[in-house]
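Asks: JSON, C-alpha atoms, saved as start-v6.json, coming up:
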```
[["chain", "number", "residue", "atom", "x", "y", "z"],
["A", 1, "MET", "CA", -5.12, -9.25, -32.95],
["A", 2, "ARG", "CA", -3.68, -6.17, -31.33],
["A", 3, "ALA", "CA", -5.85, -4.57, -28.66],
["A", 4, "LEU", "CA", -7.16, -1.08, -29.30],
["A", 5, "PRO", "CA", -5.55, 1.70, -27.22],
["A", 6, "ALA", "CA", -7.57, 2.82, -24.24],
["A", 7, "LEU", "CA", -9.64, 5.94, -24.75],
["A", 8, "PRO", "CA", -8.77, 9.00, -22.66],
["A", 9, "THR", "CA", -10.73, 9.16, -19.43],
["A", 10, "ALA", "CA", -13.02, 12.02, -18.47],
["A", 11, "PRO", "CA", -10.64, 13.28, -15.72],
["A", 12, "PHE", "CA", -7.78, 13.27, -18.25],
["A", 13, "LEU", "CA", -9.82, 15.26, -20.77],
["A", 14, "ARG", "CA", -10.88, 17.76, -18.12],
["A", 15, "ALA", "CA", -7.29, 18.15, -16.90],
["A", 16, "THR", "CA", -6.05, 18.62, -20.47],
["A", 17, "ALA", "CA", -8.65, 21.30, -21.14],
["A", 18, "MET", "CA", -7.69, 23.04, -17.91],
["A", 19, "GLU", "CA", -3.99, 22.85, -18.80],
["A", 20, "LEU", "CA", -4.71, 24.58, -22.13],
["A", 21, "LEU", "CA", -6.73, 27.25, -20.34],
["A", 22, "VAL", "CA", -3.99, 27.83, -17.77],
["A", 23, "LEU", "CA", -1.31, 27.88, -20.47],
["A", 24, "THR", "CA", -3.22, 30.53, -22.42],
["A", 25, "GLY", "CA", -3.64, 32.70, -19.34],
["A", 26, "HIS", "CA", -0.02, 32.24, -18.35],
["A", 27, "LEU", "CA", 1.26, 33.23, -21.78],
["A", 28, "LEU", "CA", -0.72, 36.47, -21.49],
["A", 29, "LEU", "CA", 0.70, 37.20, -18.03],
["A", 30, "TYR", "CA", 4.25, 36.01, -18.71],
["A", 31, "PRO", "CA", 5.59, 39.43, -19.87],
["A", 32, "THR", "CA", 4.42, 41.02, -16.61],
["A", 33, "GLY", "CA", 6.66, 38.68, -14.60],
["A", 34, "VAL", "CA", 9.91, 39.10, -16.54],
["A", 35, "ARG", "CA", 11.24, 41.87, -14.30],
["A", 36, "ALA", "CA", 12.15, 41.14, -10.70],
["A", 37, "GLU", "CA", 9.54, 42.51, -8.33],
["A", 38, "ARG", "CA", 10.19, 45.82, -6.64],
["A", 39, "PRO", "CA", 10.59, 45.99, -2.85],
["A", 40, "ALA", "CA", 7.44, 46.98, -1.01],
["A", 41, "PRO", "CA", 7.48, 50.71, -0.13],
["A", 42, "HIS", "CA", 7.82, 50.16, 3.61],
["A", 43, "LEU", "CA", 10.76, 47.80, 3.06],
["A", 44, "ALA", "CA", 12.66, 49.86, 0.50],
["A", 45, "ALA", "CA", 15.63, 51.72, 1.86],
["A", 46, "ASP", "CA", 16.28, 55.36, 1.06],
["A", 47, "PRO", "CA", 19.57, 55.40, -0.92],
["A", 48, "GLY", "CA", 20.55, 58.72, 0.62],
["A", 49, "MET", "CA", 19.88, 57.71, 4.20],
["A", 50, "GLU", "CA", 22.60, 56.52, 6.53],
["A", 51, "ALA", "CA", 21.99, 53.15, 8.18],
["A", 52, "GLU", "CA", 21.92, 54.65, 11.67],
["A", 53, "ASP", "CA", 19.33, 57.22, 10.55],
["A", 54, "ALA", "CA", 16.99, 54.72, 8.89],
["A", 55, "PRO", "CA", 13.66, 54.12, 10.64],
["A", 56, "PRO", "CA", 13.65, 50.88, 12.62],
["A", 57, "LEU", "CA", 12.00, 47.86, 11.08],
["A", 58, "LEU", "CA", 8.84, 46.62, 12.73],
["A", 59, "PRO", "CA", 9.42, 42.88, 13.03],
["A", 60, "THR", "CA", 6.35, 40.67, 12.91],
["A", 61, "GLU", "CA", 8.08, 37.60, 14.33],
["A", 62, "GLY", "CA", 5.53, 35.78, 16.47],
["A", 63, "ARG", "CA", 2.71, 38.11, 15.38],
["A", 64, "ALA", "CA", 2.27, 37.05, 11.77],
["A", 65, "HIS", "CA", 2.98, 34.23, 9.36],
["A", 66, "PRO", "CA", 6.61, 33.82, 8.33],
["A", 67, "PRO", "CA", 7.42, 35.29, 4.91],
["A", 68, "VAL", "CA", 6.56, 33.05, 1.97],
["A", 69, "LEU", "CA", 8.93, 32.72, -0.98],
["A", 70, "LEU", "CA", 7.49, 31.41, -4.26],
["A", 71, "LEU", "CA", 9.96, 29.74, -6.65],
["A", 72, "HIS", "CA", 9.03, 29.10, -10.27],
["A", 73, "GLY", "CA", 10.18, 26.29, -12.52],
["A", 74, "PHE", "CA", 12.18, 25.84, -15.72],
["A", 75, "ILE", "CA", 12.01, 28.74, -18.28],
["A", 76, "ASP", "CA", 9.21, 30.29, -16.24],
["A", 77, "ASN", "CA", 8.93, 33.42, -14.10],
["A", 78, "ARG", "CA", 7.06, 34.77, -11.08],
["A", 79, "SER", "CA", 3.86, 35.35, -13.07],
["A", 80, "VAL", "CA", 2.96, 31.68, -12.60],
["A", 81, "PHE", "CA", 2.16, 32.46, -8.96],
["A", 82, "VAL", "CA", -0.10, 35.48, -9.43],
["A", 83, "LEU", "CA", -3.24, 33.68, -8.19],
["A", 84, "LEU", "CA", -1.55, 31.79, -5.38],
["A", 85, "ARG", "CA", 0.15, 34.95, -4.14],
["A", 86, "ARG", "CA", -3.16, 36.79, -4.27],
["A", 87, "ALA", "CA", -4.80, 34.00, -2.24],
["A", 88, "LEU", "CA", -2.06, 34.14, 0.38],
["A", 89, "LEU", "CA", -2.28, 37.92, 0.74],
["A", 90, "ARG", "CA", -6.05, 37.74, 1.07],
["A", 91, "GLY", "CA", -5.62, 34.94, 3.58],
["A", 92, "GLY", "CA", -3.63, 37.13, 5.95],
["A", 93, "TRP", "CA", -0.02, 36.58, 4.90],
["A", 94, "ARG", "CA", 1.81, 39.91, 5.09],
["A", 95, "HIS", "CA", 5.10, 39.04, 3.40],
["A", 96, "VAL", "CA", 4.85, 37.15, 0.10],
["A", 97, "TYR", "CA", 7.69, 37.20, -2.43],
["A", 98, "ALA", "CA", 7.67, 35.67, -5.90],
["A", 99, "LEU", "CA", 11.30, 35.35, -6.94],
["A", 100, "ASN", "CA", 12.80, 35.10, -10.41],
["A", 101, "HIS", "CA", 15.97, 33.27, -11.27],
["A", 102, "SER", "CA", 17.91, 34.02, -14.42],
["A", 103, "LEU", "CA", 17.05, 32.20, -17.62],
["A", 104, "LEU", "CA", 20.81, 31.73, -17.95],
["A", 105, "THR", "CA", 20.97, 29.56, -14.82],
["A", 106, "THR", "CA", 22.46, 26.17, -15.69],
["A", 107, "ASP", "CA", 22.79, 24.53, -12.26],
["A", 108, "VAL", "CA", 20.27, 23.99, -9.49],
["A", 109, "ARG", "CA", 23.12, 24.44, -6.99],
["A", 110, "THR", "CA", 23.79, 27.96, -8.28],
["A", 111, "ALA", "CA", 20.10, 28.82, -8.06],
["A", 112, "ALA", "CA", 20.07, 27.51, -4.48],
["A", 113, "GLU", "CA", 23.04, 29.69, -3.56],
["A", 114, "GLN", "CA", 21.21, 32.72, -4.93],
["A", 115, "LEU", "CA", 18.13, 31.68, -2.96],
["A", 116, "ALA", "CA", 20.21, 31.56, 0.23],
["A", 117, "VAL", "CA", 21.19, 35.20, -0.27],
["A", 118, "GLN", "CA", 17.59, 36.22, -0.95],
["A", 119, "VAL", "CA", 16.36, 34.43, 2.17],
["A", 120, "GLU", "CA", 18.86, 36.29, 4.35],
["A", 121, "GLU", "CA", 17.83, 39.61, 2.81],
["A", 122, "ILE", "CA", 14.14, 38.92, 3.40],
["A", 123, "CYS", "CA", 14.72, 37.83, 6.99],
["A", 124, "ALA", "CA", 16.65, 41.05, 7.59],
["A", 125, "GLN", "CA", 13.91, 43.13, 6.00],
["A", 126, "THR", "CA", 10.97, 41.57, 7.82],
["A", 127, "GLY", "CA", 12.50, 40.76, 11.19],
["A", 128, "HIS", "CA", 11.58, 37.08, 10.85],
["A", 129, "SER", "CA", 14.08, 34.34, 11.58],
["A", 130, "THR", "CA", 12.32, 31.71, 9.42],
["A", 131, "VAL", "CA", 10.51, 31.56, 6.09],
["A", 132, "ASP", "CA", 8.26, 29.16, 4.21],
["A", 133, "ILE", "CA", 8.96, 28.22, 0.58],
["A", 134, "VAL", "CA", 6.62, 27.03, -2.17],
["A", 135, "GLY", "CA", 8.42, 25.72, -5.26],
["A", 136, "HIS", "CA", 6.80, 24.68, -8.53],
["A", 137, "SER", "CA", 8.53, 21.99, -10.57],
["A", 138, "LEU", "CA", 12.28, 22.79, -10.72],
["A", 139, "GLY", "CA", 11.76, 25.49, -8.09],
["A", 140, "GLY", "CA", 11.02, 22.74, -5.58],
["A", 141, "LEU", "CA", 14.42, 21.15, -6.22],
["A", 142, "THR", "CA", 16.10, 24.53, -5.76],
["A", 143, "GLY", "CA", 14.42, 24.94, -2.38],
["A", 144, "ARG", "CA", 15.23, 21.38, -1.40],
["A", 145, "TYR", "CA", 18.92, 21.75, -2.26],
["A", 146, "TYR", "CA", 19.08, 24.93, -0.22],
["A", 147, "VAL", "CA", 17.54, 23.18, 2.77],
["A", 148, "GLN", "CA", 19.49, 19.92, 2.60],
["A", 149, "ARG", "CA", 22.89, 21.07, 1.36],
["A", 150, "LEU", "CA", 23.32, 24.76, 2.16],
["A", 151, "GLY", "CA", 22.11, 24.93, 5.74],
["A", 152, "GLY", "CA", 18.67, 26.20, 4.81],
["A", 153, "GLU", "CA", 16.97, 24.03, 7.43],
["A", 154, "GLU", "CA", 17.82, 26.75, 9.97],
["A", 155, "ARG", "CA", 15.76, 29.24, 7.98],
["A", 156, "VAL", "CA", 13.02, 27.21, 6.26],
["A", 157, "ARG", "CA", 10.14, 26.08, 8.43],
["A", 158, "THR", "CA", 8.09, 24.40, 5.67],
["A", 159, "LEU", "CA", 8.98, 23.61, 2.05],
["A", 160, "VAL", "CA", 6.03, 22.85, -0.23],
["A", 161, "THR", "CA", 6.85, 21.40, -3.65],
["A", 162, "LEU", "CA", 4.38, 21.27, -6.54],
["A", 163, "GLY", "CA", 5.04, 18.77, -9.31],
["A", 164, "THR", "CA", 8.76, 18.56, -8.49],
["A", 165, "PRO", "CA", 10.79, 15.68, -10.00],
["A", 166, "HIS", "CA", 12.28, 14.48, -6.70],
["A", 167, "SER", "CA", 13.34, 11.15, -8.22],
["A", 168, "GLY", "CA", 13.90, 12.47, -11.73],
["A", 169, "THR", "CA", 11.57, 12.46, -14.70],
["A", 170, "ARG", "CA", 12.08, 10.48, -17.89],
["A", 171, "ALA", "CA", 10.21, 13.24, -19.74],
["A", 172, "ALA", "CA", 13.47, 15.22, -19.70],
["A", 173, "PRO", "CA", 15.52, 14.22, -22.78],
["A", 174, "PRO", "CA", 18.61, 12.22, -21.77],
["A", 175, "LEU", "CA", 20.81, 14.07, -24.26],
["A", 176, "SER", "CA", 19.34, 17.50, -23.69],
["A", 177, "PRO", "CA", 21.77, 20.37, -24.37],
["A", 178, "HIS", "CA", 20.43, 22.21, -21.33],
["A", 179, "PRO", "CA", 22.21, 21.19, -18.09],
["A", 180, "LEU", "CA", 19.11, 21.80, -15.95],
["A", 181, "LEU", "CA", 17.15, 19.18, -17.89],
["A", 182, "ARG", "CA", 19.97, 16.70, -17.44],
["A", 183, "GLN", "CA", 19.91, 17.38, -13.69],
["A", 184, "ILE", "CA", 16.26, 16.29, -13.42],
["A", 185, "ARG", "CA", 16.82, 12.98, -15.17],
["A", 186, "PRO", "CA", 16.68, 9.87, -12.93],
["A", 187, "GLY", "CA", 20.09, 9.02, -11.52],
["A", 188, "SER", "CA", 21.63, 12.46, -12.04],
["A", 189, "ALA", "CA", 24.45, 13.52, -9.72],
["A", 190, "LEU", "CA", 22.21, 16.23, -8.27],
["A", 191, "LEU", "CA", 19.40, 13.84, -7.36],
["A", 192, "GLU", "CA", 21.84, 11.30, -5.94],
["A", 193, "GLU", "CA", 23.30, 14.05, -3.77],
["A", 194, "LEU", "CA", 19.84, 14.93, -2.43],
["A", 195, "ALA", "CA", 19.08, 11.26, -1.77],
["A", 196, "ARG", "CA", 22.04, 10.85, 0.59],
["A", 197, "PRO", "CA", 21.24, 10.04, 4.22],
["A", 198, "GLU", "CA", 20.61, 12.87, 6.67],
["A", 199, "PRO", "CA", 21.97, 11.20, 9.83],
["A", 200, "ASN", "CA", 21.23, 14.25, 11.97],
["A", 201, "GLY", "CA", 17.73, 14.65, 10.60],
["A", 202, "CYS", "CA", 16.34, 17.91, 9.24],
["A", 203, "GLU", "CA", 14.25, 20.53, 11.03],
["A", 204, "THR", "CA", 12.41, 21.60, 7.89],
["A", 205, "ARG", "CA", 9.03, 20.01, 7.19],
["A", 206, "PHE", "CA", 8.45, 18.93, 3.58],
["A", 207, "VAL", "CA", 5.08, 18.81, 1.82],
["A", 208, "SER", "CA", 5.14, 17.31, -1.68],
["A", 209, "VAL", "CA", 2.07, 17.84, -3.88],
["A", 210, "TRP", "CA", 2.07, 15.51, -6.88],
["A", 211, "SER", "CA", -0.51, 14.85, -9.57],
["A", 212, "ASP", "CA", -1.74, 11.62, -11.09],
["A", 213, "LEU", "CA", -2.25, 13.47, -14.40],
["A", 214, "ASP", "CA", 1.09, 15.31, -14.58],
["A", 215, "VAL", "CA", 2.43, 14.51, -18.06],
["A", 216, "PHE", "CA", 5.76, 16.20, -17.29],
["A", 217, "MET", "CA", 6.49, 13.74, -14.50],
["A", 218, "VAL", "CA", 7.26, 10.26, -15.87],
["A", 219, "PRO", "CA", 6.24, 8.32, -13.92],
["A", 220, "GLN", "CA", 3.87, 10.62, -12.02],
["A", 221, "GLU", "CA", 5.02, 9.21, -8.67],
["A", 222, "THR", "CA", 8.45, 10.72, -9.22],
["A", 223, "ALA", "CA", 7.02, 13.96, -7.80],
["A", 224, "ARG", "CA", 6.52, 12.22, -4.44],
["A", 225, "LEU", "CA", 9.28, 12.87, -1.95],
["A", 226, "ASP", "CA", 10.43, 9.66, -0.31],
["A", 227, "HIS", "CA", 13.42, 10.08, 1.98],
["A", 228, "PRO", "CA", 13.73, 8.12, 5.24],
["A", 229, "ASP", "CA", 15.42, 10.95, 7.14],
["A", 230, "LEU", "CA", 13.05, 13.79, 6.20],
["A", 231, "ARG", "CA", 9.66, 14.72, 7.67],
["A", 232, "VAL", "CA", 7.48, 14.47, 4.59],
["A", 233, "ARG", "CA", 3.79, 14.65, 3.77],
["A", 234, "ASN", "CA", 2.89, 13.58, 0.23],
["A", 235, "ILE", "CA", -0.39, 14.92, -1.17],
["A", 236, "ARG", "CA", -1.84, 13.53, -4.40],
["A", 237, "ALA", "CA", -3.71, 16.14, -6.41],
["A", 238, "HIS", "CA", -6.26, 14.07, -8.33],
["A", 239, "GLY", "CA", -7.14, 15.38, -11.79],
["A", 240, "VAL", "CA", -4.71, 18.34, -11.78],
["A", 241, "GLY", "CA", -2.16, 18.90, -14.55],
["A", 242, "HIS", "CA", 1.38, 20.14, -14.08],
["A", 243, "LEU", "CA", 0.71, 23.74, -15.13],
["A", 244, "SER", "CA", -2.48, 23.89, -13.08],
["A", 245, "LEU", "CA", -0.87, 23.03, -9.73],
["A", 246, "PRO", "CA", -0.01, 26.66, -8.81],
["A", 247, "VAL", "CA", -3.49, 27.94, -9.74],
["A", 248, "ASP", "CA", -5.86, 25.16, -8.70],
["A", 249, "CYS", "CA", -7.90, 26.52, -5.78],
["A", 250, "ALA", "CA", -8.12, 23.13, -4.01],
["A", 251, "VAL", "CA", -4.33, 22.87, -4.09],
["A", 252, "SER", "CA", -4.06, 26.51, -3.02],
["A", 253, "ALA", "CA", -6.34, 25.87, -0.04],
["A", 254, "ARG", "CA", -4.19, 22.91, 0.97],
["A", 255, "ILE", "CA", -1.03, 25.01, 0.69],
["A", 256, "ARG", "CA", -2.55, 27.67, 2.95],
["A", 257, "ARG", "CA", -3.50, 25.01, 5.48],
["A", 258, "GLU", "CA", 0.03, 23.63, 5.51],
["A", 259, "LEU", "CA", 1.61, 27.07, 5.86],
["A", 260, "ASN", "CA", -0.92, 28.03, 8.52],
["A", 261, "GLY", "CA", 0.45, 25.31, 10.78],
["A", 262, "GLU", "CA", -2.77, 23.29, 10.82],
["A", 263, "ALA", "CA", -1.01, 20.06, 9.86],
["A", 264, "LEU", "CA", 2.48, 20.52, 11.27],
["A", 265, "GLU", "CA", 2.71, 17.06, 12.80],
["A", 266, "GLU", "CA", 1.00, 15.20, 9.96],
["A", 267, "THR", "CA", 2.95, 12.93, 7.65],
["A", 268, "GLY", "CA", 1.95, 10.21, 5.22],
["A", 269, "GLU", "CA", -0.31, 10.42, 2.18],
["A", 270, "GLU", "CA", -3.44, 12.38, 1.31],
["A", 271, "THR", "CA", -5.50, 13.20, -1.78],
["A", 272, "VAL", "CA", -7.13, 16.46, -2.86],
["A", 273, "GLU", "CA", -9.55, 16.73, -5.77],
["A", 274, "ALA", "CA", -9.09, 19.19, -8.62],
["A", 275, "ALA", "CA", -11.19, 22.33, -8.60],
["A", 276, "GLU", "CA", -13.51, 23.25, -11.46],
["A", 277, "ALA", "CA", -12.48, 26.00, -13.86],
["A", 278, "ASP", "CA", -15.06, 28.46, -12.58],
["A", 279, "GLU", "CA", -13.80, 27.93, -9.02],
["A", 280, "ILE", "CA", -10.22, 28.68, -10.03],
["A", 281, "TRP", "CA", -11.02, 31.88, -11.85],
["A", 282, "GLU", "CA", -13.95, 33.00, -9.67],
["A", 283, "GLY", "CA", -13.43, 36.59, -8.60],
["A", 284, "ALA", "CA", -10.07, 36.83, -10.39],
["A", 285, "ASP", "CA", -10.39, 40.19, -12.12],
["A", 286, "ALA", "CA", -7.94, 40.15, -15.04],
["A", 287, "ALA", "CA", -7.06, 43.83, -14.85],
["A", 288, "GLU", "CA", -6.39, 43.61, -11.11],
["A", 289, "VAL", "CA", -4.26, 40.50, -11.47],
["A", 290, "THR", "CA", -2.22, 41.99, -14.33],
["A", 291, "SER", "CA", -1.59, 45.30, -12.58],
["A", 292, "MET", "CA", -0.67, 43.58, -9.31],
["A", 293, "ASN", "CA", 1.82, 41.29, -11.05],
["A", 294, "ALA", "CA", 3.39, 44.10, -13.05],
["A", 295, "ALA", "CA", 3.86, 46.18, -9.91],
["A", 296, "GLY", "CA", 5.55, 43.41, -7.99],
["A", 297, "GLY", "CA", 2.47, 41.68, -6.64],
["A", 298, "GLY", "CA", 2.22, 43.20, -3.20],
["A", 299, "ALA", "CA", 5.27, 41.48, -1.78],
["A", 300, "GLY", "CA", 5.61, 42.32, 1.85],
["A", 301, "VAL", "CA", 2.21, 43.96, 2.08],
["A", 302, "ALA", "CA", 1.69, 45.66, 5.42]]
```
Could you render the structure from this file as structure tokens?
Replies:
Amino acid sequence: MRALPALPTAPFLRATAMELLVLTGHLLLYPTGVRAERPAPHLAADPGMEAEDAPPLLPTEGRAHPPVLLLHGFIDNRSVFVLLRRALLRGGWRHVYALNHSLLTTDVRTAAEQLAVQVEEICAQTGHSTVDIVGHSLGGLTGRYYVQRLGGEERVRTLVTLGTPHSGTRAAPPLSPHPLLRQIRPGSALLEELARPEPNGCETRFVSVWSDLDVFMVPQETARLDHPDLRVRNIRAHGVGHLSLPVDCAVSARIRRELNGEALEETGEETVEAAEADEIWEGADAAEVTSMNAAGGGAGVA
């Protein structure tokens, strides 16, 4: 007699309900993140002003956190980071940028090349020589390729990935017509390139946040980053779904701790517990969030 299938567990049901809630909120905010964010007023150049006449930048190198760049995932946009960006700004980060890449992008390598240009522009604007990057899902692979293959280790102090298929996910259809989905399949040329040895090491510190209830990562452990030549800390987010990783307040608190330099020398494995729904949305005024995202989210706030 065939055994009955196991019933869904309470954590799975809670995570599923939270995923539906986050998806609903994200669909409402998605149109506000379609346009690229505008430069902050104090960073925008006057088109009619000669370079030698422009006011000098006030670098915050050594006096403030490095700029943080937020990279979204597949067919998404910067609106996915509206709560995380808000938390960083309230936590004292002065330069926070949520970047969009084109929906027409078909290669992670191309997205990484575009990221390299954006990093240089932001460093020039802020006076900082290094940045931190937080990438959700495919955005984490873009950041990783930039660091490992395009010399980004000289610019990126810490790379945090959220639900990123570092070893490839079998949830991506093997015969998908979209090249990006084929690149995140196990054994793809892109992933094999990233798995190559780094004989000279890498200055960038990697923090990989993965979830035991991430249905987009098959198996879930594929979002762990295991590379013998990289400094990596893997953090298991217990009870958090894929879409909830950028908005869960427990994950957000851990990201802020990592970017704040409180765990710079730590490696290994750790677990954080999912936040409750009321904790995630507590104090998040919808009108304020929507207007902030539509205006560019306060990137580079003074």
Asks: Quick one: residues within 12 Å of A:Phe206, only C-alpha atoms, excluding same-chain residues fewer than 3 positions away - as a ChimeraX atom specification?
Replies: /A:132-135,140-141,143-144,147-148,153,156-162,166,202-203,209,224-227,229-235,255,258-259,263-268
Asks: Please dump the current selection as a CSV table (one decimal), keeping the file's coordinate frame; keep C-alpha atoms.
Replies:
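After the write, out-v1.csv holds the following:
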```
chain,number,residue,atom,x,y,z
A,132,ASP,CA,8.3,29.2,4.2
A,133,ILE,CA,9.0,28.2,0.6
A,134,VAL,CA,6.6,27.0,-2.2
A,135,GLY,CA,8.4,25.7,-5.3
A,140,GLY,CA,11.0,22.7,-5.6
A,141,LEU,CA,14.4,21.2,-6.2
A,143,GLY,CA,14.4,24.9,-2.4
A,144,ARG,CA,15.2,21.4,-1.4
A,147,VAL,CA,17.5,23.2,2.8
A,148,GLN,CA,19.5,19.9,2.6
A,153,GLU,CA,17.0,24.0,7.4
A,156,VAL,CA,13.0,27.2,6.3
A,157,ARG,CA,10.1,26.1,8.4
A,158,THR,CA,8.1,24.4,5.7
A,159,LEU,CA,9.0,23.6,2.0
A,160,VAL,CA,6.0,22.8,-0.2
A,161,THR,CA,6.8,21.4,-3.6
A,162,LEU,CA,4.4,21.3,-6.5
A,166,HIS,CA,12.3,14.5,-6.7
A,202,CYS,CA,16.3,17.9,9.2
A,203,GLU,CA,14.2,20.5,11.0
A,209,VAL,CA,2.1,17.8,-3.9
A,224,ARG,CA,6.5,12.2,-4.4
A,225,LEU,CA,9.3,12.9,-2.0
A,226,ASP,CA,10.4,9.7,-0.3
A,227,HIS,CA,13.4,10.1,2.0
A,229,ASP,CA,15.4,11.0,7.1
A,230,LEU,CA,13.0,13.8,6.2
A,231,ARG,CA,9.7,14.7,7.7
A,232,VAL,CA,7.5,14.5,4.6
A,233,ARG,CA,3.8,14.6,3.8
A,234,ASN,CA,2.9,13.6,0.2
A,235,ILE,CA,-0.4,14.9,-1.2
A,255,ILE,CA,-1.0,25.0,0.7
A,258,GLU,CA,0.0,23.6,5.5
A,259,LEU,CA,1.6,27.1,5.9
A,263,ALA,CA,-1.0,20.1,9.9
A,264,LEU,CA,2.5,20.5,11.3
A,265,GLU,CA,2.7,17.1,12.8
A,266,GLU,CA,1.0,15.2,10.0
A,267,THR,CA,3.0,12.9,7.6
A,268,GLY,CA,2.0,10.2,5.2
```
Asks: For A:Gln183, list every protein, DNA or RNA residue within 9 Å, evaluated using all atoms listed in the file, and leave out those in the same chain fewer than 5 positions away; present the list as a count of residues only.
Replies: 7
Asks: Which protein, DNA or RNA residues are at most 12 Å from (-8.0, 16.1, -19.8) in the file's coordinates when you count all atoms listed in the file, listed as a ChimeraX atom specification?
Replies: /A:7-21,212-215,238-242,244,274
Asks: Per residue of stretch 203-278 of chain A within 10 Å of stretch 86-101 of chain A, which atom pair is closest and at what distance in Å (one decimal), using only C-alpha atoms, listed by chain and increasing number, as a Markdown table?
Replies:
```
| residue | atom | partner | partner_atom | distance |
| --- | --- | --- | --- | --- |
| A:Val247 | CA | A:Ala87 | CA | 9.7 |
| A:Cys249 | CA | A:Ala87 | CA | 8.8 |
| A:Ser252 | CA | A:Ala87 | CA | 7.6 |
| A:Ala253 | CA | A:Ala87 | CA | 8.6 |
| A:Ile255 | CA | A:Leu88 | CA | 9.2 |
| A:Arg256 | CA | A:Leu88 | CA | 7.0 |
| A:Leu259 | CA | A:Leu88 | CA | 9.7 |
| A:Asn260 | CA | A:Trp93 | CA | 9.3 |
```
Asks: Between atom CA of A:Asp248 and atom CA of A:Ala64, measure the distance and give it in Å to one decimal.
Replies: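 Separation between atom CA of A:Asp248 and atom CA of A:Ala64: 25.0 Å.
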Asks: What is the distance between atom CA of A:Leu70 and atom CA of A:Pro246, in Å to one decimal?
Replies: 10.0 Å
Asks: Report, in Å with one decimal, the straight-line distance from atom CA of A:Leu150 to atom CA of A:Ala36.
Replies: 23.6 Å
Asks: From the options A:Pro228, A:Gly73, A:Gly151, A:Pro31, which residue's atoms come nearest to A:Leu243, counting all atoms listed in the file?
Replies: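 Smallest separation from A:Leu243 among the options: A:Gly73.
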Asks: Do a neighbour search on stretch 172-182 of chain A at 9 Å with only C-alpha atoms, toss out local chain neighbours closer than 5 positions, and write the hits as an NGL selection string.
Replies: :A and (74 or 105-108 or 138 or 188 or 216-218)
Asks: Let me make sure I understand: among A:Gly187, A:Gly163, A:Gly261, A:Pro199, which one has the smallest atom-to-atom distance to A:Glu221 if we use all atoms listed in the file?
Replies: A:Gly163
Asks: A:Val80, A:Leu69, A:Leu245, A:Thr130: which is nearest A:Leu27, counting only C-alpha atoms?
Replies: A:Val80
